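Shown next: model-v9.cif, given as mmCIF, C-alpha atoms.
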data_final
#
loop_
_atom_site.label_atom_id
_atom_site.label_comp_id
_atom_site.auth_asym_id
_atom_site.auth_seq_id
_atom_site.Cartn_x
_atom_site.Cartn_y
_atom_site.Cartn_z
CA MET A 1 -15.37 5.40 7.89
CA SER A 2 -15.43 2.09 6.06
CA GLU A 3 -17.44 -0.51 7.86
CA THR A 4 -15.31 -3.57 8.44
CA PRO A 5 -16.81 -6.34 10.52
CA VAL A 6 -14.68 -7.44 13.42
CA LEU A 7 -12.98 -10.65 12.39
CA GLU A 8 -14.35 -13.67 14.14
CA GLY A 9 -12.56 -16.69 15.48
CA ASN A 10 -9.70 -17.44 17.78
CA THR A 11 -7.33 -19.22 15.47
CA LYS A 12 -5.38 -17.69 12.62
CA GLN A 13 -7.28 -19.89 10.19
CA GLN A 14 -10.65 -18.73 11.52
CA ARG A 15 -9.62 -15.09 11.41
CA TYR A 16 -8.39 -15.51 7.86
CA GLU A 17 -11.63 -17.17 6.72
CA SER A 18 -13.59 -14.40 8.35
CA LEU A 19 -11.43 -11.82 6.58
CA VAL A 20 -12.00 -13.47 3.20
CA ALA A 21 -15.74 -13.80 3.69
CA ALA A 22 -16.14 -10.20 4.81
CA LEU A 23 -13.96 -8.47 2.27
CA TYR A 24 -13.06 -10.51 -0.79
CA GLN A 25 -15.79 -9.02 -2.94
CA ASP A 26 -14.78 -5.47 -2.05
CA VAL A 27 -11.15 -6.28 -2.72
CA PHE A 28 -11.95 -7.87 -6.07
CA ARG A 29 -14.13 -4.94 -7.07
CA TYR A 30 -11.34 -2.50 -6.34
CA ALA A 31 -8.77 -4.72 -8.08
CA LEU A 32 -10.92 -4.77 -11.18
CA TRP A 33 -11.09 -1.01 -11.25
CA ILE A 34 -7.34 -0.59 -11.05
CA CYS A 35 -6.42 -3.56 -13.32
CA LYS A 36 -9.21 -3.20 -15.88
CA ASN A 37 -8.82 -6.88 -16.60
CA LYS A 38 -10.60 -9.71 -14.80
CA PRO A 39 -7.94 -12.45 -14.92
CA MET A 40 -5.32 -9.98 -13.71
CA ALA A 41 -7.64 -8.72 -11.00
CA GLU A 42 -8.25 -12.29 -9.85
CA ASP A 43 -4.51 -12.98 -9.69
CA LEU A 44 -3.96 -9.74 -7.84
CA VAL A 45 -6.62 -10.60 -5.28
CA GLN A 46 -5.07 -14.03 -4.71
CA GLU A 47 -1.64 -12.48 -4.21
CA THR A 48 -3.13 -9.96 -1.83
CA PHE A 49 -4.79 -12.60 0.33
CA LEU A 50 -1.68 -14.78 0.23
CA ARG A 51 0.32 -11.93 1.70
CA ALA A 52 -2.47 -11.19 4.14
CA TRP A 53 -2.47 -14.79 5.33
CA ARG A 54 1.29 -14.78 5.80
CA SER A 55 1.32 -11.64 7.87
CA LEU A 56 -2.07 -11.84 9.55
CA GLU A 57 -0.43 -11.55 12.98
CA SER A 58 0.61 -8.02 12.13
CA LEU A 59 -3.02 -6.98 11.80
CA GLN A 60 -3.61 -5.99 15.39
CA ASN A 61 -6.69 -3.86 14.83
CA ASP A 62 -9.38 -5.76 12.99
CA LYS A 63 -11.19 -2.55 12.15
CA ALA A 64 -8.23 -1.61 9.97
CA ALA A 65 -8.48 -4.85 7.99
CA LYS A 66 -10.00 -3.34 4.89
CA ALA A 67 -7.50 -0.50 4.65
CA TRP A 68 -4.72 -3.02 5.28
CA LEU A 69 -5.90 -5.28 2.45
CA PHE A 70 -6.33 -2.39 0.04
CA THR A 71 -2.83 -1.20 0.88
CA ILE A 72 -1.38 -4.65 0.21
CA LEU A 73 -3.31 -4.77 -3.05
CA ARG A 74 -2.03 -1.40 -4.19
CA ARG A 75 1.54 -2.39 -3.38
CA GLU A 76 1.18 -5.70 -5.19
CA ASN A 77 -0.30 -3.96 -8.19
CA ALA A 78 2.53 -1.46 -8.28
CA ARG A 79 5.09 -4.18 -7.90
CA GLN A 80 3.81 -6.71 -10.36
CA TYR A 81 1.68 -5.01 -12.92
CA GLU A 82 2.40 -1.37 -13.39
CA ARG A 83 5.92 -1.93 -14.64
CA TYR A 84 5.11 -4.77 -17.00
CA ARG A 85 1.54 -4.12 -17.93
CA PRO A 86 0.77 -5.79 -21.22
CA GLU A 87 -1.57 -4.34 -23.82
CA LEU A 88 -5.01 -4.65 -22.33
CA VAL A 89 -8.40 -4.64 -23.86
CA ASP A 90 -10.62 -2.63 -21.59
CA ILE A 91 -13.14 -5.38 -21.09
CA ASP A 92 -14.89 -3.43 -18.40
CA SER A 93 -16.44 -1.15 -20.94
CA GLN A 94 -17.91 -4.18 -22.64
CA SER A 95 -19.15 -5.43 -19.31
CA VAL A 96 -20.84 -2.14 -18.60
CA ALA A 97 -22.59 -2.20 -21.94
CA GLU A 98 -23.65 -5.83 -21.66
CA ARG A 99 -25.31 -5.28 -18.34
CA ASP A 100 -27.73 -2.63 -19.50
CA ASP A 101 -29.29 -4.08 -22.58
CA ASN A 102 -32.75 -3.12 -21.40
CA GLU A 103 -31.79 0.41 -20.44
CA PRO A 104 -30.24 2.12 -23.45
CA ASP A 105 -30.08 5.60 -21.92
CA SER A 106 -28.59 4.30 -18.70
CA LYS A 107 -26.11 2.19 -20.66
CA MET A 108 -24.78 5.22 -22.45
CA ASP A 109 -24.45 7.19 -19.24
CA ARG A 110 -22.72 4.44 -17.34
CA GLU A 111 -20.32 3.69 -20.11
CA LEU A 112 -19.41 7.34 -20.50
CA LEU A 113 -19.06 7.74 -16.76
CA HIS A 114 -16.86 4.67 -16.53
CA LYS A 115 -14.58 5.99 -19.22
CA ALA A 116 -14.55 9.45 -17.70
CA ILE A 117 -13.45 8.07 -14.32
CA ASN A 118 -10.72 6.02 -15.96
CA ARG A 119 -9.53 9.08 -17.87
CA LEU A 120 -8.97 11.07 -14.68
CA GLU A 121 -5.33 11.56 -13.78
CA SER A 122 -4.27 8.94 -11.26
CA GLU A 123 -3.80 11.50 -8.49
CA TYR A 124 -7.53 12.27 -8.72
CA ARG A 125 -8.79 8.82 -9.71
CA GLU A 126 -7.10 6.97 -6.84
CA PRO A 127 -8.70 8.82 -3.92
CA LEU A 128 -12.04 8.89 -5.74
CA LEU A 129 -12.03 5.11 -6.23
CA LEU A 130 -11.01 4.52 -2.63
CA GLN A 131 -13.93 6.67 -1.52
CA VAL A 132 -16.58 5.45 -3.96
CA VAL A 133 -15.54 1.82 -4.40
CA GLY A 134 -13.82 1.24 -1.06
CA GLY A 135 -16.08 3.38 1.08
CA PHE A 136 -13.12 4.85 2.97
CA SER A 137 -13.14 8.08 4.93
CA GLY A 138 -10.80 10.94 4.06
CA LYS A 139 -8.53 9.99 6.96
CA GLU A 140 -8.34 6.37 5.82
CA ILE A 141 -7.62 7.44 2.23
CA ALA A 142 -4.89 9.73 3.52
CA ASP A 143 -3.33 6.79 5.38
CA ILE A 144 -3.55 4.45 2.41
CA LEU A 145 -2.12 6.95 -0.06
CA GLN A 146 0.27 8.43 2.48
CA LEU A 147 -0.96 11.94 1.89
CA ASN A 148 -2.22 14.48 4.33
CA ASN A 149 -5.95 14.85 4.79
CA ASN A 150 -6.20 18.28 3.16
CA THR A 151 -4.48 17.01 0.04
CA VAL A 152 -6.93 14.13 -0.18
CA MET A 153 -9.90 16.48 0.21
CA THR A 154 -8.54 18.79 -2.48
CA ARG A 155 -8.02 15.89 -4.88
CA LEU A 156 -11.51 14.57 -4.26
CA PHE A 157 -12.89 18.04 -4.91
CA ARG A 158 -10.99 18.28 -8.18
CA ALA A 159 -11.94 14.77 -9.27
CA ARG A 160 -15.64 15.51 -8.93
CA SER A 161 -15.20 18.94 -10.46
CA LYS A 162 -13.70 17.38 -13.57
CA LEU A 163 -16.43 14.78 -13.82
CA LYS A 164 -19.20 17.34 -13.36
CA ILE A 165 -17.73 19.58 -16.02
CA GLU A 166 -17.44 16.65 -18.41
CA PHE A 167 -21.08 15.79 -17.91
CA GLY A 168 -22.28 19.35 -18.14
CA LEU A 169 -23.29 19.45 -14.50
CA ASP A 170 -21.03 22.32 -13.62
CA THR A 171 -20.62 25.29 -15.90
CA GLU A 172 -19.71 27.75 -13.21
CA ASN A 173 -16.60 26.76 -11.40
CA GLY A 174 -14.60 23.60 -11.24
CA ASN A 175 -11.35 24.97 -10.03
CA GLU A 176 -10.47 26.26 -6.62
CA ASP A 177 -7.37 28.09 -7.89
CA MET B 1 -20.16 30.26 3.48
CA ASP B 2 -19.03 31.35 0.05
CA GLU B 3 -19.70 29.28 -3.03
CA LEU B 4 -16.17 27.89 -3.41
CA GLU B 5 -16.14 26.72 0.18
CA PHE B 6 -19.56 25.16 -0.32
CA ARG B 7 -18.35 23.35 -3.45
CA LYS B 8 -15.23 22.11 -1.70
CA LEU B 9 -17.22 20.58 1.14
CA VAL B 10 -19.83 19.03 -1.12
CA TYR B 11 -17.43 17.65 -3.71
CA ALA B 12 -14.92 16.28 -1.21
CA ASN B 13 -17.42 14.03 0.52
CA PRO B 14 -21.03 14.21 -0.69
CA ARG B 15 -21.89 11.14 1.37
CA ASP B 16 -21.18 12.82 4.65
CA LEU B 17 -22.38 16.39 4.62
CA SER B 18 -22.60 18.49 7.74
CA GLN B 19 -25.80 20.15 8.85
CA GLU B 20 -24.19 23.50 8.06
CA VAL B 21 -23.73 22.49 4.42
CA LEU B 22 -27.25 21.13 4.15
CA ASP B 23 -28.66 24.33 5.67
CA ALA B 24 -26.60 26.47 3.29
CA GLY B 25 -28.06 24.50 0.39
CA ARG B 26 -31.62 24.99 1.58
CA ALA B 27 -31.08 28.72 2.01
CA ASN B 28 -29.70 29.31 -1.47
CA PRO B 29 -31.21 27.83 -4.66
CA ALA B 30 -27.87 28.08 -6.49
CA TYR B 31 -26.18 26.11 -3.74
CA GLN B 32 -29.00 23.58 -3.70
CA LYS B 33 -28.53 23.07 -7.45
CA ILE B 34 -24.85 22.35 -6.90
CA LEU B 35 -25.75 19.86 -4.20
CA ASP B 36 -28.45 18.14 -6.26
CA GLU B 37 -26.17 17.79 -9.27
CA THR B 38 -23.38 16.39 -7.15
CA LEU B 39 -25.68 13.84 -5.59
CA LEU B 40 -26.89 12.89 -9.07
CA LEU B 41 -23.31 12.22 -10.09
CA GLU B 42 -22.78 10.29 -6.86
CA ASP B 43 -25.81 8.11 -7.48
CA SER B 44 -24.57 7.39 -11.01
CA MET B 45 -21.14 6.41 -9.71
CA ASN B 46 -22.62 4.16 -7.05
CA SER B 47 -24.85 2.53 -9.62
CA LEU B 48 -21.87 2.00 -11.92
CA VAL B 49 -19.79 0.49 -9.12
CA GLU B 50 -22.58 -1.86 -8.13
CA SER B 51 -23.13 -2.93 -11.74
CA LEU B 52 -19.53 -4.07 -12.05
CA VAL B 53 -19.61 -6.56 -9.20
CA ASP B 54 -19.09 -9.78 -11.06
CA VAL B 55 -16.85 -11.81 -8.81
CA PRO B 56 -15.46 -14.87 -10.61
CA ALA B 57 -17.06 -18.14 -9.61
CA GLY B 58 -14.71 -20.08 -7.43
CA LEU B 59 -12.64 -17.12 -6.27
CA HIS B 60 -13.95 -17.40 -2.72
CA GLN B 61 -12.94 -21.05 -2.58
CA LYS B 62 -9.50 -20.32 -4.06
CA LEU B 63 -8.90 -17.71 -1.40
CA LEU B 64 -10.01 -20.04 1.37
CA SER B 65 -7.58 -22.69 0.13
CA ILE B 66 -4.56 -20.35 0.33
CA PRO B 67 -3.55 -21.39 3.89
CA GLN B 68 -3.57 -25.04 2.89
CA ARG B 69 -1.60 -24.40 -0.30
CA ASP B 70 0.79 -22.15 1.53
CA GLY B 71 1.26 -24.78 4.25
CA GLN B 72 2.24 -27.35 1.63
CA GLU B 73 4.61 -24.85 0.09
CA SER B 74 6.19 -24.00 3.44
CA GLY B 75 7.21 -27.62 3.85
CA THR B 76 9.51 -27.27 0.87
CA VAL B 77 10.54 -23.72 1.64
CA SER B 78 12.27 -24.82 4.80
CA ALA B 79 14.64 -26.85 2.66
CA SER B 80 15.06 -24.21 0.03
CA ARG B 81 14.01 -20.59 0.25
CA THR B 82 13.59 -20.36 -3.48
CA THR B 83 10.33 -22.29 -3.80
CA ILE B 84 7.64 -20.18 -5.41
CA SER B 85 3.94 -20.46 -4.70
CA PRO B 86 1.70 -21.95 -7.38
CA ILE B 87 0.05 -18.61 -7.92
CA ARG B 88 3.36 -16.92 -8.46
CA ALA B 89 4.93 -19.71 -10.46
CA LYS B 90 2.18 -19.31 -13.00
CA LYS B 91 3.05 -15.67 -13.49
CA GLN B 92 6.78 -15.73 -13.20
CA SER B 93 7.39 -16.12 -16.90
CA PHE B 94 5.04 -13.23 -17.48
CA PHE B 95 6.26 -10.71 -15.00
CA GLN B 96 9.96 -10.31 -14.36
CA TYR B 97 9.87 -8.50 -11.09
CA TYR B 98 9.87 -11.09 -8.38
CA ALA B 99 12.32 -9.86 -5.85
CA VAL B 100 10.19 -10.94 -2.93
CA ALA B 101 8.52 -13.93 -4.51
CA ALA B 102 9.80 -16.55 -2.14
CA SER B 103 8.34 -15.44 1.15
CA LEU B 104 8.53 -17.52 4.25
CA VAL B 105 5.60 -17.51 6.58
CA LEU B 106 6.40 -14.53 8.71
CA ALA B 107 4.91 -13.79 12.01
CA VAL B 108 5.64 -10.12 12.20
CA GLY B 109 4.74 -8.26 15.31
CA ILE B 110 4.72 -4.53 14.93
CA VAL B 111 4.85 -2.46 18.04
CA PHE B 112 4.92 1.25 17.86
CA SER B 113 7.31 2.63 20.37
CA LEU B 114 6.56 6.27 19.81
CA SER B 115 3.56 7.76 18.18
CA PHE B 116 2.15 11.19 17.93
CA ASN B 117 -1.55 10.73 17.41
CA SER B 118 -1.93 7.15 16.35
CA GLY B 119 -0.08 3.94 15.69
CA PRO B 120 1.40 2.73 12.44
CA SER B 121 -0.97 2.98 9.50
CA ALA B 122 -1.92 -0.02 7.40
CA ALA B 123 0.76 1.09 4.95
CA ASP B 124 3.35 1.15 7.73
CA VAL B 125 2.45 -2.39 8.79
CA VAL B 126 2.73 -3.61 5.21
CA PHE B 127 6.05 -1.82 4.87
CA GLY B 128 7.35 -3.63 7.97
CA ASN B 129 6.36 -6.95 6.45
CA GLU B 130 8.05 -6.06 3.17
CA LEU B 131 11.17 -5.09 5.00
CA LEU B 132 11.51 -8.38 6.86
CA ASN B 133 10.75 -10.32 3.69
CA HIS B 134 13.57 -8.41 2.07
CA LEU B 135 16.02 -9.30 4.82
CA TYR B 136 15.13 -12.98 4.76
CA HIS B 137 15.34 -13.51 1.05
CA GLU B 138 17.45 -10.95 -0.69
CA ASN B 139 20.65 -10.63 1.19
CA LYS B 140 22.99 -13.55 1.62
CA ALA B 141 25.45 -11.41 3.59
CA ILE B 142 23.09 -11.27 6.58
CA ASP B 143 23.02 -15.02 7.05
CA ASP B 144 26.73 -15.27 6.30
CA ILE B 145 27.78 -12.65 8.84
CA THR B 146 25.46 -13.98 11.54
CA GLY B 147 26.87 -17.41 10.78
CA GLY B 148 30.42 -16.17 11.38
CA ALA B 149 31.65 -15.87 7.80
CA SER B 150 34.62 -13.60 7.25
CA TYR B 151 33.82 -10.40 5.39
CA THR B 152 36.36 -7.60 4.96
CA VAL B 153 35.64 -4.34 6.78
CA LEU B 154 34.84 -1.71 4.16
CA GLY B 155 36.47 1.71 4.03
CA ILE B 156 34.40 4.84 4.26
CA ASP B 157 34.80 5.60 0.55
CA GLU B 158 33.33 2.25 -0.39
CA ILE B 159 30.46 2.78 2.03
CA ASN B 160 29.76 6.23 0.62
CA VAL B 161 29.55 4.92 -2.95
CA SER B 162 26.59 2.83 -1.84
CA LEU B 163 25.07 5.57 0.30
CA ALA B 164 25.20 8.04 -2.59
CA GLY B 165 22.18 6.35 -4.20
CA ALA B 166 20.14 7.18 -1.12
CA GLY B 167 21.32 10.78 -1.05
CA THR B 168 23.50 10.44 2.03
CA ARG B 169 27.13 10.05 2.97
CA LEU B 170 29.13 9.46 6.09
CA LEU B 171 31.30 12.31 7.28
CA GLY B 172 34.96 11.98 8.13
CA SER B 173 37.71 9.96 6.60
CA GLN B 174 37.20 6.68 8.41
CA ALA B 175 34.42 4.88 10.11
CA SER B 176 34.30 4.46 13.88
CA PRO B 177 35.97 1.30 15.15
CA ASP B 178 32.56 0.22 16.45
CA PHE B 179 31.07 0.68 13.03
CA GLU B 180 32.41 -2.28 11.07
CA VAL B 181 30.53 -2.30 7.77
CA ARG B 182 31.07 -5.65 6.08
CA TRP B 183 28.72 -5.25 3.15
CA ALA B 184 27.20 -2.20 1.42
CA ASN B 185 25.05 -1.79 -1.63
CA PRO B 186 22.23 0.28 -3.02
CA CYS B 187 19.05 -1.69 -2.58
CA GLU B 188 15.47 -1.51 -3.67
CA ILE B 189 13.07 -2.51 -0.95
CA LEU B 190 10.18 -0.97 -2.76
CA PRO B 191 10.31 0.18 -6.34
CA ALA B 192 9.61 3.81 -5.56
CA TYR B 193 12.29 4.25 -2.94
CA GLN B 194 15.98 4.86 -3.43
CA SER B 195 17.84 3.26 -0.61
CA ALA B 196 21.16 1.94 0.58
CA HIS B 197 21.76 -1.13 2.69
CA LEU B 198 24.75 -1.58 4.97
CA VAL B 199 25.43 -4.75 6.94
CA LEU B 200 27.57 -4.47 10.05
CA GLN B 201 28.99 -6.98 12.45
CA GLY B 202 27.04 -6.62 15.67
CA SER B 203 27.28 -8.42 18.99
CA GLN B 204 24.49 -10.87 18.10
CA GLY B 205 25.23 -11.23 14.40
CA ALA B 206 24.52 -9.10 11.37
CA VAL B 207 23.02 -5.63 11.82
CA SER B 208 21.33 -4.06 8.82
CA ILE B 209 21.21 -0.31 8.40
CA ILE B 210 18.95 0.81 5.60
CA VAL B 211 18.63 4.42 4.55
CA ILE B 212 15.76 5.56 2.36
CA ASN B 213 15.86 9.00 0.87
CA ASN B 214 12.14 9.57 0.64
CA SER B 215 9.81 8.59 3.40
CA PRO B 216 7.50 5.60 3.27
CA VAL B 217 6.69 6.09 6.96
CA ASP B 218 6.41 9.17 9.12
CA ILE B 219 6.30 7.77 12.63
CA GLN B 220 8.78 5.71 14.56
CA TYR B 221 7.84 2.14 15.26
CA SER B 222 9.42 -1.23 15.95
CA ILE B 223 9.18 -4.47 14.06
CA ARG B 224 10.01 -7.95 15.16
CA ASP B 225 9.47 -11.57 14.36
CA GLU B 226 10.85 -14.78 15.77
CA ARG B 227 14.36 -13.90 14.57
CA PHE B 228 14.77 -10.19 13.92
CA GLU B 229 14.10 -7.01 15.84
CA GLY B 230 14.13 -3.63 14.19
CA LYS B 231 13.33 0.04 14.36
CA ILE B 232 12.01 2.30 11.65
CA MET B 233 12.78 5.95 12.33
CA PRO B 234 11.95 9.08 10.37
CA MET B 235 15.03 11.22 9.78
CA GLN B 236 15.69 14.63 8.35
CA GLN B 237 14.86 13.68 4.77
CA GLY B 238 14.07 9.99 4.85
CA ASN B 239 13.98 6.95 7.06
CA LEU B 240 16.65 5.15 8.97
CA ILE B 241 15.95 1.48 9.50
CA LEU B 242 17.94 -0.79 11.78
CA VAL B 243 17.33 -4.50 12.02
CA GLY B 244 19.43 -6.98 13.94
CA GLU B 245 19.21 -10.41 15.43
CA LYS B 246 17.30 -10.70 18.73
CA ASN B 247 18.77 -8.70 21.65
CA GLU B 248 21.07 -6.55 19.52
CA ASP B 249 21.70 -3.05 20.88
CA LEU B 250 20.23 -1.19 17.92
CA ASP B 251 20.21 2.19 19.67
CA HIS B 252 23.99 2.10 19.78
CA TYR B 253 24.25 1.73 16.01
CA ALA B 254 21.48 4.25 15.42
CA SER B 255 23.49 6.83 17.37
CA LEU B 256 26.75 6.01 15.63
CA PHE B 257 25.15 6.31 12.24
CA SER B 258 22.88 9.30 12.73
CA GLU B 259 25.63 11.40 14.32
CA ASN B 260 27.85 10.90 11.29
CA VAL B 261 25.48 10.98 8.36
CA GLU B 262 24.89 13.93 6.08
CA TRP B 263 22.06 14.27 3.59
CA VAL B 264 23.37 15.48 0.26
CA ILE B 265 20.15 15.46 -1.78
#
The structure in this file should be written as structure tokens.
Amino acid sequence: MSETPVLEGNTKQQRYESLVAALYQDVFRYALWICKNKPMAEDLVQETFLRAWRSLESLQNDKAAKAWLFTILRRENARQYERYRPELVDIDSQSVAERDDNEPDSKMDRELLHKAINRLESEYREPLLLQVVGGFSGKEIADILQLNNNTVMTRLFRARSKLKIEFGLDTENGNED
Amino acid sequence: MDELEFRKLVYANPRDLSQEVLDAGRANPAYQKILDETLLLEDSMNSLVESLVDVPAGLHQKLLSIPQRDGQESGTVSASRTTISPIRAKKQSFFQYYAVAASLVLAVGIVFSLSFNSGPSAADVVFGNELLNHLYHENKAIDDITGGASYTVLGIDEINVSLAGAGTRLLGSQASPDFEVRWANPCEILPAYQSAHLVLQGSQGAVSIIVINNSPVDIQYSIRDERFEGKIMPMQQGNLILVGEKNEDLDHYASLFSENVEWVI
């Protein structure tokens, strides 16, 4: 279960500020993973919080705030970016490399892992990112992706199977079929 | 526990393993190796995720200023519903899809009237918001009909042309006298959903009936704001959505429609 602090404050403004403070970094981090471009991720996060502000009254269970924001973000991304995505330079790979100048072995591993995750088919990458980046439970992922729980568990299994095979961590069996 | 079952449980959620899985690992070196390797991968992914947190300076402040900017925008929106927020205006020349760009401040209350195990999911709540945005901004016929404008009653063939896009059609050769459809078109509430939108003359003003041929929601719940009230209902192969002005008898139109509709996809 993702840990979302209960939003503080009595007024809409206070609740909104509490929502931003508690979750904007998580939302940006997830946006960056799905956009692969920082300016676009920043725009996407602003759009997400704009929509959140406008419909904050509909959030009746504060504990669902994080899943609610991630759902808005995914919808906004689908609506605005996926159809008209321009050619992007995958600056994240550069970022990964830049961060590990003092750890050459780690740099190589992280960069390869980053690319391997991004190469996963979206049906496997999406639940994996929601679990690893968002910290969501299987039930929450199922709600966000509108899948049943067993399907989510199967996709998470296959996502990790593929990554383990790619990194030589699993030579026995990566397929449940 | 066989090895495939063990792998499934470990790979699906290595952060939350049951005691049974941990015990199975301890009892079998091959299983323990699978577990150790999976946790190694998990640590690497967590480390990667943490390393990429580089939130732009000033983003927090920009997000905190959204209510103020949106309040300024709302002052102009009341005069014209086509004003676009600064954030969106910047991108409009870049991205062409802005069907719901000009949102009013909506206070949407979502009440689930029937649930099986739980209330509407976060996705359902967002869908309700999207739906009301759509009705406010993308359909002139709703305001016209509520305002008393004269629209011709459509024949069943015209209605069925629009419904065809959503994989449905009305049976019979003519619509019920109570079912006066004044406007009908395919519509696109969300990019992934094929849908049709009918607007009827109700007792309180316009009544929207929207049919979606694949299901964005799977429980029935109600939506409302200061103007509209609506119901979102799962049907045989999609959703039926009814939204009318306050105090409209939506159940009456739901019955009329659902008794006469046939799914053809």
Legend entry - Of the listed residues B:Ile66, B:Ile156, B:Ala30, B:Ile241, that which approaches Phe49 in chain A most closely, counting all atoms listed in the file: B:Ile66
Decode the PyMOL selection byres ((chain A) within 8 of (chain B)) for the given file into explicit residues and return them as a PDB file with C-alpha atoms, in the frame of the given file.
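Written output follows (part.pdb):
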ATOM      1  CA  GLN A  13      -7.280 -19.890  10.190  1.00  0.00           C
ATOM      2  CA  GLU A  17     -11.630 -17.170   6.720  1.00  0.00           C
ATOM      3  CA  VAL A  20     -12.000 -13.470   3.200  1.00  0.00           C
ATOM      4  CA  ALA A  21     -15.740 -13.800   3.690  1.00  0.00           C
ATOM      5  CA  TYR A  24     -13.060 -10.510  -0.790  1.00  0.00           C
ATOM      6  CA  GLN A  25     -15.790  -9.020  -2.940  1.00  0.00           C
ATOM      7  CA  PHE A  28     -11.950  -7.870  -6.070  1.00  0.00           C
ATOM      8  CA  ARG A  29     -14.130  -4.940  -7.070  1.00  0.00           C
ATOM      9  CA  GLU A  42      -8.250 -12.290  -9.850  1.00  0.00           C
ATOM     10  CA  ASP A  43      -4.510 -12.980  -9.690  1.00  0.00           C
ATOM     11  CA  GLN A  46      -5.070 -14.030  -4.710  1.00  0.00           C
ATOM     12  CA  GLU A  47      -1.640 -12.480  -4.210  1.00  0.00           C
ATOM     13  CA  PHE A  49      -4.790 -12.600   0.330  1.00  0.00           C
ATOM     14  CA  LEU A  50      -1.680 -14.780   0.230  1.00  0.00           C
ATOM     15  CA  TRP A  53      -2.470 -14.790   5.330  1.00  0.00           C
ATOM     16  CA  ARG A  54       1.290 -14.780   5.800  1.00  0.00           C
ATOM     17  CA  SER A  55       1.320 -11.640   7.870  1.00  0.00           C
ATOM     18  CA  LEU A  56      -2.070 -11.840   9.550  1.00  0.00           C
ATOM     19  CA  GLU A  57      -0.430 -11.550  12.980  1.00  0.00           C
ATOM     20  CA  SER A  58       0.610  -8.020  12.130  1.00  0.00           C
ATOM     21  CA  LEU A  59      -3.020  -6.980  11.800  1.00  0.00           C
ATOM     22  CA  ALA A  64      -8.230  -1.610   9.970  1.00  0.00           C
ATOM     23  CA  ALA A  67      -7.500  -0.500   4.650  1.00  0.00           C
ATOM     24  CA  TRP A  68      -4.720  -3.020   5.280  1.00  0.00           C
ATOM     25  CA  THR A  71      -2.830  -1.200   0.880  1.00  0.00           C
ATOM     26  CA  ILE A  72      -1.380  -4.650   0.210  1.00  0.00           C
ATOM     27  CA  ARG A  79       5.090  -4.180  -7.900  1.00  0.00           C
ATOM     28  CA  GLN A  80       3.810  -6.710 -10.360  1.00  0.00           C
ATOM     29  CA  TYR A  81       1.680  -5.010 -12.920  1.00  0.00           C
ATOM     30  CA  TYR A  84       5.110  -4.770 -17.000  1.00  0.00           C
ATOM     31  CA  ASP A  92     -14.890  -3.430 -18.400  1.00  0.00           C
ATOM     32  CA  SER A  95     -19.150  -5.430 -19.310  1.00  0.00           C
ATOM     33  CA  VAL A  96     -20.840  -2.140 -18.600  1.00  0.00           C
ATOM     34  CA  ARG A  99     -25.310  -5.280 -18.340  1.00  0.00           C
ATOM     35  CA  ARG A 110     -22.720   4.440 -17.340  1.00  0.00           C
ATOM     36  CA  LEU A 113     -19.060   7.740 -16.760  1.00  0.00           C
ATOM     37  CA  HIS A 114     -16.860   4.670 -16.530  1.00  0.00           C
ATOM     38  CA  VAL A 132     -16.580   5.450  -3.960  1.00  0.00           C
ATOM     39  CA  VAL A 133     -15.540   1.820  -4.400  1.00  0.00           C
ATOM     40  CA  ASP A 143      -3.330   6.790   5.380  1.00  0.00           C
ATOM     41  CA  ILE A 144      -3.550   4.450   2.410  1.00  0.00           C
ATOM     42  CA  GLN A 146       0.270   8.430   2.480  1.00  0.00           C
ATOM     43  CA  MET A 153      -9.900  16.480   0.210  1.00  0.00           C
ATOM     44  CA  THR A 154      -8.540  18.790  -2.480  1.00  0.00           C
ATOM     45  CA  ARG A 155      -8.020  15.890  -4.880  1.00  0.00           C
ATOM     46  CA  LEU A 156     -11.510  14.570  -4.260  1.00  0.00           C
ATOM     47  CA  PHE A 157     -12.890  18.040  -4.910  1.00  0.00           C
ATOM     48  CA  ARG A 158     -10.990  18.280  -8.180  1.00  0.00           C
ATOM     49  CA  ARG A 160     -15.640  15.510  -8.930  1.00  0.00           C
ATOM     50  CA  SER A 161     -15.200  18.940 -10.460  1.00  0.00           C
ATOM     51  CA  LYS A 164     -19.200  17.340 -13.360  1.00  0.00           C
ATOM     52  CA  LEU A 169     -23.290  19.450 -14.500  1.00  0.00           C
ATOM     53  CA  ASP A 170     -21.030  22.320 -13.620  1.00  0.00           C
ATOM     54  CA  GLU A 176     -10.470  26.260  -6.620  1.00  0.00           C
TER      55      GLU A 176
END
Inset, instruction - Can you give me, as JSON, numbers by chain, the residues this file yields under the PyMOL selection byres ((chain B and resi 254) around 12)? - result: {"B": [178, 179, 200, 207, 208, 209, 210, 211, 230, 231, 232, 233, 234, 235, 239, 240, 241, 242, 243, 244, 248, 249, 250, 251, 252, 253, 255, 256, 257, 258, 259, 260, 261]}
Test item: residues at most 7 Å from Ala159 in chain A, only C-alpha atoms, excluding those fewer than 3 positions along its chain, as a CSV table (one decimal) with C-alpha atoms, in the coordinates of the input:
chain,number,residue,atom,x,y,z
A,124,TYR,CA,-7.5,12.3,-8.7
A,125,ARG,CA,-8.8,8.8,-9.7
A,128,LEU,CA,-12.0,8.9,-5.7
A,155,ARG,CA,-8.0,15.9,-4.9
A,156,LEU,CA,-11.5,14.6,-4.3
A,162,LYS,CA,-13.7,17.4,-13.6
A,163,LEU,CA,-16.4,14.8,-13.8
Inset, instruction - Calculate how many Å separate CA of Gln201 in chain B from CA of Glu180 in chain B, rounding to one decimal. - result: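 Computed distance, CA of Gln201 in chain B to CA of Glu180 in chain B, equals 6.0 Å.
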